[in-house]
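One file, input-v4.txt, is given below (compact mmCIF, C-alpha atoms).
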```txt
# COMPACT_ATOMS: atom_id res chain seq x y z
CA MET A 1 -11.91 93.21 104.09
CA ALA A 2 -11.14 95.59 106.91
CA VAL A 3 -13.00 98.32 105.09
CA LYS A 4 -16.03 96.10 104.62
CA LYS A 5 -16.13 95.24 108.31
CA LYS A 6 -15.96 98.88 109.28
CA LYS A 7 -18.84 99.70 106.97
CA SER A 8 -21.10 97.05 108.48
CA LEU A 9 -20.29 98.33 111.96
CA ILE A 10 -21.48 101.76 110.93
CA GLN A 11 -24.61 100.25 109.42
CA ASN A 12 -25.28 98.37 112.67
CA ARG A 13 -24.85 101.54 114.60
CA GLN A 14 -27.38 103.24 112.40
CA THR A 15 -30.00 100.58 113.04
CA TRP A 16 -29.91 100.68 116.82
CA SER A 17 -28.51 104.00 117.73
CA PRO A 18 -31.39 106.40 116.96
CA LEU A 19 -33.56 104.68 119.58
CA ALA A 20 -30.74 104.54 122.15
CA TRP A 21 -29.85 108.17 121.48
CA GLY A 22 -33.51 109.14 121.79
CA LEU A 23 -33.74 107.50 125.20
CA ALA A 24 -30.49 109.12 126.38
CA PHE A 25 -31.55 112.58 125.21
CA GLY A 26 -34.94 112.06 126.83
CA VAL A 27 -33.38 111.17 130.19
CA VAL A 28 -31.34 114.39 130.15
CA PHE A 29 -34.33 116.43 128.95
CA GLY A 30 -36.58 114.97 131.67
CA PHE A 31 -33.90 115.50 134.32
CA LEU A 32 -33.59 119.17 133.32
CA LEU A 33 -37.38 119.71 133.20
CA GLN A 34 -37.77 118.22 136.67
CA LYS A 35 -34.89 120.26 138.11
CA GLY A 36 -36.50 123.34 136.57
CA GLY A 37 -39.76 122.58 138.40
CA VAL A 38 -41.87 122.49 135.24
CA THR A 39 -42.98 118.90 135.79
CA HIS A 40 -45.20 120.37 138.54
CA TYR A 41 -48.78 121.49 137.85
CA ASP A 42 -48.41 124.40 140.30
CA VAL A 43 -45.44 125.87 138.40
CA ILE A 44 -47.13 125.61 134.98
CA LEU A 45 -50.42 127.06 136.20
CA GLY A 46 -48.43 129.73 138.04
CA GLN A 47 -47.06 130.77 134.66
CA LEU A 48 -50.47 130.82 132.99
CA LEU A 49 -51.85 132.83 135.93
CA LEU A 50 -48.82 135.14 135.58
CA THR A 51 -47.70 134.65 139.18
CA ASP A 52 -44.60 132.48 138.52
CA PHE A 53 -42.41 133.10 135.47
CA THR A 54 -40.31 129.92 135.66
CA VAL A 55 -41.71 128.45 132.42
CA VAL A 56 -41.07 131.61 130.39
CA LYS A 57 -37.55 131.97 131.85
CA ILE A 58 -36.67 128.39 130.88
CA ILE A 59 -38.17 128.60 127.38
CA LEU A 60 -36.62 131.99 126.55
CA THR A 61 -33.19 130.96 127.87
CA ALA A 62 -33.37 127.70 125.90
CA VAL A 63 -34.43 129.56 122.74
CA LEU A 64 -31.66 132.17 123.18
CA THR A 65 -28.94 129.55 123.75
CA GLY A 66 -30.28 127.18 121.14
CA MET A 67 -30.80 129.84 118.48
CA ILE A 68 -27.26 131.23 118.62
CA GLY A 69 -25.69 127.75 118.59
CA ILE A 70 -27.89 126.39 115.82
CA TYR A 71 -27.37 129.41 113.56
CA VAL A 72 -23.57 129.32 114.14
CA MET A 73 -23.53 125.61 113.26
CA LYS A 74 -25.86 126.17 110.29
CA ASN A 75 -23.52 128.81 108.88
CA LEU A 76 -20.54 126.48 109.42
CA GLY A 77 -22.44 123.85 107.43
CA TRP A 78 -22.58 121.44 110.39
CA VAL A 79 -26.35 121.18 110.72
CA ASN A 80 -29.48 121.64 108.64
CA LEU A 81 -32.60 123.30 110.00
CA GLU A 82 -35.69 121.15 110.63
CA VAL A 83 -38.39 123.74 110.07
CA LYS A 84 -42.06 122.68 110.19
CA SER A 85 -44.26 124.12 107.50
CA GLY A 86 -47.40 125.81 108.63
CA SER A 87 -50.38 128.00 107.94
CA TRP A 88 -52.55 130.39 109.89
CA GLY A 89 -55.33 127.78 109.93
CA MET A 90 -52.95 125.22 111.36
CA ASN A 91 -50.79 127.10 113.82
CA ALA A 92 -53.10 129.85 115.08
CA ILE A 93 -56.25 127.73 115.44
CA GLY A 94 -54.43 124.58 116.58
CA GLY A 95 -52.39 126.67 119.00
CA LEU A 96 -55.50 128.23 120.54
CA ILE A 97 -57.13 124.80 121.02
CA PHE A 98 -53.88 123.53 122.54
CA GLY A 99 -53.76 126.44 124.99
CA ILE A 100 -57.23 125.74 126.38
CA GLY A 101 -56.19 122.14 127.00
CA PHE A 102 -52.86 123.30 128.42
CA ALA A 103 -54.61 125.37 131.11
CA MET A 104 -57.12 122.61 131.97
CA LEU A 105 -54.54 119.84 132.10
CA GLY A 106 -51.69 121.86 133.59
CA TYR A 107 -49.04 119.95 131.64
CA CYS A 108 -47.91 119.91 128.02
CA PRO A 109 -46.84 116.76 126.13
CA GLY A 110 -43.19 116.98 127.25
CA THR A 111 -43.87 117.98 130.84
CA ILE A 112 -46.67 115.42 131.30
CA ALA A 113 -44.08 112.70 130.68
CA GLY A 114 -41.95 114.38 133.33
CA ALA A 115 -44.93 114.75 135.67
CA ILE A 116 -45.59 111.01 135.39
CA GLY A 117 -41.95 110.39 136.41
CA ASN A 118 -42.49 112.82 139.25
CA GLY A 119 -45.44 110.80 140.62
CA SER A 120 -48.34 113.01 139.48
CA LEU A 121 -51.29 110.63 139.16
CA ASP A 122 -53.58 113.22 137.54
CA ALA A 123 -51.07 113.25 134.67
CA LEU A 124 -50.84 109.46 134.43
CA VAL A 125 -54.53 108.59 134.85
CA GLY A 126 -56.49 111.58 133.54
CA GLY A 127 -54.19 113.51 131.25
CA LEU A 128 -52.44 110.74 129.35
CA ALA A 129 -55.67 109.03 128.32
CA GLY A 130 -57.06 112.40 127.24
CA ILE A 131 -54.06 113.17 125.01
CA TRP A 132 -54.34 109.74 123.37
CA ILE A 133 -58.05 110.26 122.68
CA GLY A 134 -57.52 113.82 121.43
CA SER A 135 -54.77 112.64 119.06
CA GLY A 136 -56.96 109.79 117.84
CA LEU A 137 -59.85 112.18 117.20
CA PHE A 138 -57.58 114.36 115.11
CA ALA A 139 -56.50 111.34 113.06
CA ALA A 140 -60.19 110.62 112.42
CA PHE A 141 -60.92 114.20 111.27
CA TYR A 142 -57.63 114.64 109.38
CA PRO A 143 -58.88 113.69 105.90
CA LYS A 144 -61.47 116.50 106.07
CA LEU A 145 -59.21 119.05 107.75
CA ARG A 146 -56.15 118.67 105.56
CA THR A 147 -57.78 119.99 102.42
CA GLY A 148 -59.71 122.67 104.26
CA ILE A 149 -58.84 124.69 107.33
CA LEU A 150 -55.27 123.37 107.66
CA ARG A 151 -54.47 124.92 104.28
CA PHE A 152 -55.88 128.34 105.16
CA GLY A 153 -53.19 131.03 104.96
CA ASP A 154 -50.43 128.58 104.05
CA PHE A 155 -46.88 129.95 104.29
CA GLY A 156 -44.81 126.78 104.11
CA ASP A 157 -41.61 125.97 106.00
CA VAL A 158 -40.39 129.53 106.18
CA THR A 159 -38.11 131.07 108.82
CA LEU A 160 -38.08 134.75 109.78
CA PRO A 161 -34.78 135.44 107.91
CA LYS A 162 -36.25 133.79 104.78
CA LEU A 163 -39.56 135.63 105.14
CA PHE A 164 -37.83 139.01 105.22
CA LYS A 165 -35.21 137.86 102.68
CA VAL A 166 -32.31 138.94 104.87
CA ASN A 167 -29.09 137.43 106.19
CA ASP A 168 -29.71 135.14 109.21
CA TRP A 169 -27.84 137.42 111.59
CA VAL A 170 -30.04 140.40 110.76
CA ILE A 171 -32.79 138.54 112.62
CA VAL A 172 -30.78 136.38 115.06
CA LEU A 173 -28.89 139.24 116.74
CA PRO A 174 -31.90 141.54 117.35
CA ALA A 175 -33.94 138.50 118.46
CA ALA A 176 -31.19 137.59 120.93
CA GLY A 177 -31.12 141.19 122.18
CA LEU A 178 -34.89 141.23 122.53
CA ILE A 179 -35.01 137.95 124.48
CA LEU A 180 -32.18 139.10 126.75
CA THR A 181 -33.94 142.40 127.43
CA LEU A 182 -37.18 140.59 128.18
CA LEU A 183 -35.41 138.25 130.65
CA ILE A 184 -33.67 141.16 132.40
CA TRP A 185 -37.00 143.01 132.60
CA ILE A 186 -38.79 139.97 134.07
CA GLU A 187 -36.01 139.55 136.62
CA SER A 188 -35.87 143.22 137.59
CA ALA A 189 -39.67 143.30 137.97
CA GLY A 190 -39.22 140.55 140.57
CA LEU A 191 -41.34 138.05 138.62
CA MET B 1 -22.22 116.22 143.15
CA SER B 2 -24.61 117.95 145.54
CA PHE B 3 -26.25 119.75 142.61
CA LEU B 4 -27.85 116.44 141.63
CA THR B 5 -29.73 116.26 144.93
CA GLN B 6 -30.93 119.86 144.81
CA VAL B 7 -34.70 120.13 144.40
CA ARG B 8 -34.46 123.11 142.02
CA TRP B 9 -31.94 124.56 139.66
CA SER B 10 -32.05 128.11 138.42
CA PRO B 11 -34.39 128.35 135.41
CA TYR B 12 -31.51 129.97 133.51
CA VAL B 13 -29.24 126.97 134.12
CA VAL B 14 -32.05 124.65 132.99
CA GLY B 15 -32.73 126.83 129.93
CA VAL B 16 -29.07 126.88 128.88
CA GLY B 17 -28.96 123.10 129.43
CA ILE B 18 -31.97 122.55 127.16
CA GLY B 19 -30.45 124.91 124.59
CA ILE B 20 -27.20 122.92 124.54
CA LEU B 21 -29.19 119.67 124.40
CA SER B 22 -30.86 121.02 121.26
CA TRP B 23 -27.45 121.76 119.66
CA LEU B 24 -26.37 118.19 120.34
CA SER B 25 -29.65 116.83 119.02
CA PHE B 26 -29.19 118.64 115.70
CA LEU B 27 -25.56 117.46 115.52
CA ILE B 28 -25.95 113.84 116.62
CA ASN B 29 -29.55 112.92 115.82
CA LYS B 30 -30.16 115.41 112.99
CA LYS B 31 -33.47 116.03 114.72
CA ALA B 32 -35.10 118.74 116.75
CA LEU B 33 -36.42 117.97 120.24
CA GLY B 34 -40.19 117.39 120.21
CA SER B 35 -42.75 115.40 122.16
CA SER B 36 -46.34 115.41 120.96
CA THR B 37 -46.16 113.20 117.84
CA SER B 38 -45.11 110.30 120.08
CA PHE B 39 -48.46 110.47 121.87
CA ALA B 40 -50.29 110.30 118.52
CA LYS B 41 -48.22 107.25 117.55
CA THR B 42 -49.05 105.52 120.83
CA SER B 43 -52.72 106.39 120.37
CA GLY B 44 -52.67 104.88 116.88
CA MET B 45 -50.80 101.79 118.06
CA LEU B 46 -53.32 101.24 120.87
CA GLU B 47 -56.24 101.69 118.47
CA LYS B 48 -54.57 99.25 116.07
CA LEU B 49 -54.30 96.74 118.90
CA LEU B 50 -58.02 97.09 119.64
CA ARG B 51 -59.45 97.47 116.13
CA GLY B 52 -56.97 95.71 113.88
CA PRO B 53 -54.31 96.54 111.29
CA ASN B 54 -56.59 98.74 109.14
CA VAL B 55 -56.12 101.54 111.66
CA ALA B 56 -52.58 102.03 110.32
CA LEU B 57 -54.07 102.84 106.90
CA LYS B 58 -55.71 106.04 108.09
CA PRO B 59 -54.15 108.94 106.18
CA TYR B 60 -52.84 110.59 109.33
CA TYR B 61 -51.12 107.43 110.50
CA GLN B 62 -49.67 106.92 107.03
CA LYS B 63 -48.20 110.38 107.41
CA ILE B 64 -46.67 110.02 110.90
CA LYS B 65 -46.06 106.22 110.76
CA LEU B 66 -47.11 104.00 113.67
CA ASP B 67 -43.67 102.97 114.85
CA ILE B 68 -41.41 103.40 117.85
CA ASP B 69 -38.85 105.92 116.68
CA TRP B 70 -36.25 108.29 118.07
CA GLN B 71 -38.80 110.79 119.38
CA TRP B 72 -40.93 108.07 121.00
CA MET B 73 -37.88 106.94 122.98
CA LEU B 74 -37.15 110.58 123.83
CA VAL B 75 -40.56 110.87 125.54
CA LEU B 76 -40.01 107.59 127.39
CA GLY B 77 -36.62 108.95 128.47
CA ILE B 78 -38.28 112.09 129.88
CA VAL B 79 -40.28 109.88 132.28
CA PHE B 80 -37.09 108.21 133.55
CA GLY B 81 -35.08 111.45 133.67
CA ALA B 82 -37.76 113.16 135.77
CA LEU B 83 -38.03 110.06 137.96
CA PHE B 84 -34.24 110.04 138.62
CA SER B 85 -34.19 113.75 139.31
CA SER B 86 -37.16 113.67 141.69
CA VAL B 87 -35.95 110.59 143.58
CA LEU B 88 -32.43 112.02 143.96
CA SER B 89 -33.80 115.25 145.42
CA ASP B 90 -36.59 113.61 147.43
CA ASP B 91 -39.12 115.56 145.32
CA PHE B 92 -40.95 112.41 144.12
CA ASN B 93 -44.52 112.60 145.32
CA LEU B 94 -47.44 110.31 144.46
CA GLN B 95 -50.24 112.83 144.25
CA TRP B 96 -53.76 112.82 142.81
CA VAL B 97 -54.56 116.52 143.17
CA PRO B 98 -51.96 119.34 142.96
CA SER B 99 -51.96 121.87 145.81
CA LEU B 100 -52.78 124.91 143.65
CA TRP B 101 -55.85 123.04 142.36
CA ILE B 102 -56.89 122.13 145.93
CA SER B 103 -56.72 125.79 147.02
CA THR B 104 -59.42 126.74 144.48
CA PHE B 105 -61.37 123.61 143.55
CA GLY B 106 -60.95 121.35 146.60
CA ASN B 107 -59.29 117.98 146.92
CA THR B 108 -61.78 115.66 145.21
CA PRO B 109 -59.67 113.55 142.83
CA VAL B 110 -62.57 112.75 140.44
CA ILE B 111 -63.12 116.41 139.52
CA ARG B 112 -59.40 116.99 138.96
CA LEU B 113 -59.12 113.81 136.85
CA LEU B 114 -62.14 114.75 134.75
CA ILE B 115 -60.76 118.23 133.95
CA ALA B 116 -57.28 116.78 133.31
CA PHE B 117 -58.89 114.26 130.94
CA ILE B 118 -60.89 116.87 129.01
CA GLY B 119 -57.83 119.15 128.97
CA GLY B 120 -55.76 116.26 127.65
CA ILE B 121 -58.23 115.70 124.79
CA LEU B 122 -58.02 119.37 123.76
CA LEU B 123 -54.23 119.42 124.19
CA GLY B 124 -53.74 116.27 122.13
CA PHE B 125 -56.16 117.43 119.44
CA GLY B 126 -54.63 120.93 119.35
CA ALA B 127 -51.07 119.63 119.22
CA ARG B 128 -51.91 117.55 116.14
CA TRP B 129 -53.80 120.44 114.56
CA ALA B 130 -50.85 122.82 115.09
CA ASP B 131 -48.35 120.04 114.26
CA GLY B 132 -46.36 120.49 117.44
CA CYS B 133 -46.33 121.39 121.12
CA THR B 134 -44.40 123.44 123.64
CA SER B 135 -41.24 121.43 122.87
CA GLY B 136 -41.44 121.10 119.07
CA HIS B 137 -42.76 124.59 118.40
CA GLY B 138 -42.11 126.47 121.66
CA ILE B 139 -38.45 125.50 121.97
CA SER B 140 -37.11 123.74 118.84
CA GLY B 141 -39.08 125.67 116.24
CA ALA B 142 -38.80 129.02 118.00
CA LEU B 143 -35.01 128.73 118.26
CA GLN B 144 -34.84 128.06 114.51
CA LEU B 145 -36.94 131.20 114.01
CA ALA B 146 -39.64 129.19 112.23
CA VAL B 147 -42.71 131.29 111.45
CA SER B 148 -45.05 128.32 112.09
CA SER B 149 -43.53 127.84 115.54
CA TRP B 150 -43.65 131.46 116.67
CA ILE B 151 -47.34 131.70 115.70
CA SER B 152 -48.07 128.42 117.50
CA ALA B 153 -46.11 129.31 120.65
CA ILE B 154 -47.82 132.69 120.95
CA ALA B 155 -51.23 131.03 120.45
CA PHE B 156 -50.45 128.36 123.11
CA PHE B 157 -49.74 131.01 125.72
CA VAL B 158 -52.44 133.52 124.74
CA SER B 159 -55.22 130.97 125.06
CA GLY B 160 -53.53 129.18 127.98
CA ILE B 161 -53.30 132.42 129.98
CA LEU B 162 -56.92 133.36 129.12
CA MET B 163 -58.26 129.91 130.03
CA ALA B 164 -56.29 129.76 133.30
CA HIS B 165 -57.67 133.16 134.32
CA ILE B 166 -61.21 132.08 133.44
CA MET B 167 -60.79 128.91 135.51
CA PHE B 168 -59.13 130.41 138.57
CA ASN B 169 -60.36 133.99 138.71
CA ILE B 170 -63.74 134.13 136.99
CA ILE B 171 -65.51 130.80 137.57
CA PRO B 172 -64.99 130.46 141.37
```
Can the structure in the file be given as structure tokens, please?
Amino acid sequence: MAVKKKKSLIQNRQTWSPLAWGLAFGVVFGFLLQKGGVTHYDVILGQLLLTDFTVVKIILTAVLTGMIGIYVMKNLGWVNLEVKSGSWGMNAIGGLIFGIGFAMLGYCPGTIAGAIGNGSLDALVGGLAGIWIGSGLFAAFYPKLRTGILRFGDFGDVTLPKLFKVNDWVIVLPAAGLILTLLIWIESAGL
Amino acid sequence: MSFLTQVRWSPYVVGVGIGILSWLSFLINKKALGSSTSFAKTSGMLEKLLRGPNVALKPYYQKIKLDIDWQWMLVLGIVFGALFSSVLSDDFNLQWVPSLWISTFGNTPVIRLLIAFIGGILLGFGARWADGCTSGHGISGALQLAVSSWISAIAFFVSGILMAHIMFNIIP
């Protein structure tokens, strides 16, 4: 009886907790983004104009910290990777379209949510509606794109260690060294 | 607790914080941090509201599912987190036109809103095309050393940097 009750508690937790956890993680994420200054148009455009390197510093530090932790936990068997599959047609072309929009809007999907919390009305009124329409347009074109350009140069859900068929650490450690060097260089150049 | 009322934290502190948040997300949620799919879900849900239940049958919406899920709540949480942070540090500012924009293009809100709108369309379309954004590819995918994410992240910044220079240094 006791066992049964415990099981149903766990099941209950599974039905509500993903949404509650999502909200909690989002609040922390948004708090960090705002404290980092990247919910501001001026900081993001400063990065794209190469006059303010805050965005790159945050991303590279997050990638460095995250990468080491995730690969340690992966090797301990605690977590599984969640790698998105891709192709040149998907990631290179989609990425270039995204970048044009990124420079015009001055926010990305995560930071526009933060910018709205920050009081930026160009994000709330102009940008948000645009992202919804752009996403909807893609959904309309998707049936044609998915069998064509999105398949071009398909490489699947591969990671760099898998691509080169080497042990994870053969890539993780040099990548960590490279990111660290880049950060030290940016800092010493006064950027 | 004075750090909570500071306007800015060091980008390195913020970066380490986001990195640790991503560890916890893999451990607790079994998910990587990401943002852009939530906007596509909202777009589909709004279209469904306007045009009826058949909208949900579109192949793309069958793929991503038109529901409120973990990541949708994450994006909602970002709004509140940024609101708390900016109110605590007195950095909350209702603003139509950002100051960097004003310095080059003037302070007419309509022009700024129009460019933000067109930029939003391209950003939303591109994020779906590349299957991710600066969070999903730029942070979560890059830290997993995903090939798809490194290609995407490099493309985001190459074309972003080019477009920003065209807008601010060539057009005016």
- Task: Kindly give the distance, in Å, that separates CA of Phe26 in chain B and CA of Ile139 in chain B, rounded to a single decimal.
- Result: 13.1 Å
- In Å, rounded to a single decimal, give me how far CA of Phe138 in chain A is from CA of Lys63 in chain B. 12.8 Å
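Nearest residue to Leu105 in chain A among A:Ala140, A:Leu173, A:Leu180, A:Leu48 is A:Leu48, counting only C-alpha atoms.
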Every residue with an atom at most 9 Å from (-53.3, 111.4, 124.1) (file coordinates; all atoms listed in the file) is what I'm after, so could you write them as a tab-separated table (two decimals) with C-alpha atoms, in the coordinates of the input?
```tsv
chain	number	residue	atom	x	y	z
A	109	PRO	CA	-46.84	116.76	126.13
A	127	GLY	CA	-54.19	113.51	131.25
A	128	LEU	CA	-52.44	110.74	129.35
A	129	ALA	CA	-55.67	109.03	128.32
A	130	GLY	CA	-57.06	112.40	127.24
A	131	ILE	CA	-54.06	113.17	125.01
A	132	TRP	CA	-54.34	109.74	123.37
A	133	ILE	CA	-58.05	110.26	122.68
A	134	GLY	CA	-57.52	113.82	121.43
A	135	SER	CA	-54.77	112.64	119.06
A	136	GLY	CA	-56.96	109.79	117.84
B	36	SER	CA	-46.34	115.41	120.96
B	39	PHE	CA	-48.46	110.47	121.87
B	40	ALA	CA	-50.29	110.30	118.52
B	42	THR	CA	-49.05	105.52	120.83
B	43	SER	CA	-52.72	106.39	120.37
B	120	GLY	CA	-55.76	116.26	127.65
B	121	ILE	CA	-58.23	115.70	124.79
B	123	LEU	CA	-54.23	119.42	124.19
B	124	GLY	CA	-53.74	116.27	122.13
B	125	PHE	CA	-56.16	117.43	119.44
```
- Task: Measure the distance from CA of Pro161 in chain A to CA of Ala146 in chain B in Å and round it to one decimal.
- Result: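 We find that CA of Pro161 in chain A and CA of Ala146 in chain B lie 9.0 Å from each other.
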- Any idea what's packed within 7 Å of Trp88 in chain A, counting only C-alpha atoms, ignoring anything in its chain fewer than 3 positions away? Could you give it as a list in words?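 Counting only C-alpha atoms, the residues come to Asn91, Ala92, Phe152, Gly153 and Asp154 of chain A.
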- Task: Can you pull out every residue within 9 Å of Lys31 in chain B, counting only C-alpha atoms, but drop anything in the same chain fewer than 3 positions away, and send it as a list in words?
- Result: Leu81 and Glu82 of chain A; Ser22, Ser25, Phe26, Leu27, Ile28, Gly34, Trp70 and Gln71 of chain B
- Neighbours of range 72-87 of chain B within 7 Å (only C-alpha atoms; same-chain residues fewer than 4 positions away dropped), as a ChimeraX atom specification? /A:19,22-31,34-35,110,113-114,116-118 /B:35,38,68,91-92
- Message: Taking 3 positions as the minimum chain separation for residues in the same chain, which residues sit within 10 Å of Val158 in chain B when counting only C-alpha atoms? Answer as JSON, numbers by chain.
- Response: {"A": [48, 95, 96, 99, 100], "B": [152, 153, 154, 155, 161, 162, 163]}
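Here the question is which of A:Arg151, A:Lys162, A:Arg146, A:Lys84 gets nearest to Pro59 in chain B using all atoms listed in the file, and that residue is A:Arg146.
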- Polymer residues at most 9 Å from Val14 in chain B, only C-alpha atoms, same-chain spacing of 6 or more positions, as a list in words: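 The filter keeps Leu32, Leu33, Lys35, Gly36, Ile58, Thr61 and Ala62 of chain A.
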- Query: Once you count only C-alpha atoms, which residues end up no further than 6 Å from (-44.0, 128.4, 104.8) in the file's frame, shown as a VMD selection string?
  - Reply: chain A and resid 85 to 86 155 to 158
Store the residues picked out above in a file with C-alpha atoms, as a PDB file, in the coordinates of the input.
```pdb
ATOM      1  CA  SER A  85     -44.260 124.120 107.500  1.00  0.00           C
ATOM      2  CA  GLY A  86     -47.400 125.810 108.630  1.00  0.00           C
ATOM      3  CA  PHE A 155     -46.880 129.950 104.290  1.00  0.00           C
ATOM      4  CA  GLY A 156     -44.810 126.780 104.110  1.00  0.00           C
ATOM      5  CA  ASP A 157     -41.610 125.970 106.000  1.00  0.00           C
ATOM      6  CA  VAL A 158     -40.390 129.530 106.180  1.00  0.00           C
TER       7      VAL A 158
END
```
- Residue nearest chain B - candidates A:Val172, A:Val63, A:Ala189, A:Leu178, atoms counted: only C-alpha atoms: A:Val63
- Message: Considering only C-alpha atoms, can you say which of B:Gly119, B:Gly132, B:Pro109, B:Gly17 comes closest to chain A?
- Response: B:Gly119
- Message: Measuring between all atoms listed in the file, which one of A:Thr51, A:Asn167, A:Thr65, A:Asn75 shows the shortest distance to chain B?
- Response: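 When distances to chain B are compared using all atoms listed in the file, the smallest one comes from A:Thr65.
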- Note on the structure: Judged by only C-alpha atoms, the minimum distance to Leu46 in chain B among B:Leu4, B:Ser135, B:Val97, B:Leu66 is found for B:Leu66
